[in-house]
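Participant: I'd like to ask some things about the structure below.
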Amino acid sequence: MIVIGGLYTVPRRVGTVAVYTDPRTGPNMNVLDIVVLAFWLMLPAYVPNNAAVLTGGGPPIDGGRTWNGKRLLGDGKTWRGTAGGILAGVGLGLVLNAIVTDVSGAIGVSLPEFPIAALLALAAGAMLGDILASFLKRRTGRERGAAFPGIDQLDFVAVSLAVTVVVATDWFVEWFTVPVIVAVLILTPVLHLGTNAAAFKLGLKDEPW
Ligand code: CTP
Ligand code: MG
């Protein structure tokens, strides 16, 4: 990667010469374009956690089971919340697929359509990451709702990207370039803290994280 005059380009080696172009968007892609692309790509992974807060309740996934005297996952991880989260993420992705051409044209950034496998991977991976984080929280003695800085903000990103790279490899490699992943890692904690603080203020969530 190289930055020339505030514009960012991706190098590709042609023979012995490194050519700085981005195969999707022409010669240059600025930082804002990358942030917009990162946000678009992650929307199906961002929505499930928030949707789970709205749809959650009912029987917990762990059925109340404990391990070494601590709950396996806790009452904060329910079947309904998980299903609602995944459906919301996939549903949003289908809406994005329907409007992608219009949005790309309107903002001048070429954005991808989501293959259905990628949608399922992003949404289900996000929920799985959140569930694994709860498992770690219980193992480290944190009660339901306790903060786990770092893990809380990035658990779902790490697992949704990991599942997507396995399930939709070619699509992932085409769109999740290194700069996009860097943007995701910076953008996500900021958005996560912001939306959770808002959900807390609105009385939807018990804690602001
Ligand atoms: N939720 C759910 N199922 C999920 C994830 C979330 O039902 N798979 C709902 C629960 O009502 C949960 C709320 O969304 O209380 C907030 O989610 P989160 O902050 O992830 O859970 P916590 O209650 O904080 O529990 P934990 O400490 O295990 O993260
Ligand atoms: Mg919580």
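Identifiers in the structure tokens: chain A, B, ... in order shown; residue index from 1 per chain; ligand index from 1 in order shown.
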Excluding Phe114 of chain A and residues on its chain fewer than 5 positions from it, collect all residues at most 8 Å away from it, counting only C-alpha atoms, and give them as a list in words.

Facilitator: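 Surrounding residues, per the criterion: Gly93, Leu94, Asn97 and Leu119 of chain A.
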
Participant: Tell me, counting only C-alpha atoms and all ligand atoms, for each residue of chain A within 9 Å of ligand 2, which pair of atoms is nearest and how far apart they are in Å to one decimal, in rows ordered by chain and increasing number, as a tab-separated table.

Facilitator:
residue	atom	partner	partner_atom_place_in_ligand_line	distance
A:Gly76	CA	ligand 2	1 (Mg)	7.7
A:Ser134	CA	ligand 2	1 (Mg)	8.6
A:Arg144	CA	ligand 2	1 (Mg)	7.0
A:Gly145	CA	ligand 2	1 (Mg)	4.2
A:Ala146	CA	ligand 2	1 (Mg)	6.4
A:Ala147	CA	ligand 2	1 (Mg)	6.7
A:Phe148	CA	ligand 2	1 (Mg)	8.8
A:Asp152	CA	ligand 2	1 (Mg)	7.7
A:Asn196	CA	ligand 2	1 (Mg)	9.0
A:Lys205	CA	ligand 2	1 (Mg)	8.0
A:Asp206	CA	ligand 2	1 (Mg)	7.8
A:Glu207	CA	ligand 2	1 (Mg)	6.5
A:Pro208	CA	ligand 2	1 (Mg)	8.1
A:Trp209	CA	ligand 2	1 (Mg)	6.0

Participant: Give the answer as one residue: which of A:Gly203, A:Gly125, A:Pro115, A:Gly74 has the shortest atom-to-atom distance to ligand 1, using only C-alpha atoms and all ligand atoms?

Facilitator: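 Among the listed residues, the smallest separation from ligand 1 belongs to A:Gly74.
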
Participant: Could you pull out the alpha helix (DSSP H) residues of segment 2-204 of chain A from DSSP and send them as a PyMOL selection string?

Facilitator: chain A and resi 31-55+79-107+116-139+151-167+169-175+178-201

Participant: So which residues are near ligand 1, meaning at most 9 Å away with only C-alpha atoms and all ligand atoms counted, given back as a PyMOL selection string?

Facilitator: chain A and resi 48-61+73-85+127-128+130-131+133-138+142-148+152+196+204-209

Participant: Do you have the atom CA of Ala38 of chain A-atom CA of Lys201 of chain A distance handy?

Facilitator: 26.8 Å

Participant: Can you pull out every residue within 12 Å of Ala158 of chain A, counting only C-alpha atoms, but drop anything in the same chain fewer than 2 positions away, and send it as a PyMOL selection string?

Facilitator: chain A and resi 42+45+121-122+125-130+132-133+150-156+160-165+181+184-185+188

Participant: Going by DSSP on the backbone, which residues of segment 17-205 of chain A come out as strand (DSSP E or B)? List them as number ranges by chain.

Facilitator: A: 17-20, 22, 26, 29, 60, 66-67, 70-71, 78

Participant: For Lys70 of chain A, work out the shell of residues within 8 Å, counting only C-alpha atoms and skipping chain neighbours fewer than 4 positions away, then give it as a PDB file with C-alpha atoms, in the first residue's frame.

Facilitator:
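In the end it all went to selection-v6.pdb:
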ATOM      1  CA  THR A  66     -23.141 -24.955  34.474  1.00  0.00           C
ATOM      2  CA  ARG A 138     -18.189 -17.023  32.439  1.00  0.00           C
ATOM      3  CA  ARG A 139     -14.894 -18.939  32.555  1.00  0.00           C
ATOM      4  CA  GLY A 141     -15.716 -15.252  36.543  1.00  0.00           C
TER       5      GLY A 141
END

Participant: Work out how far atom CA of Leu32 of chain A is from atom CA of Ile107 of chain A, in Å to one decimal.

Facilitator: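 Those two atoms sit 11.0 Å apart.
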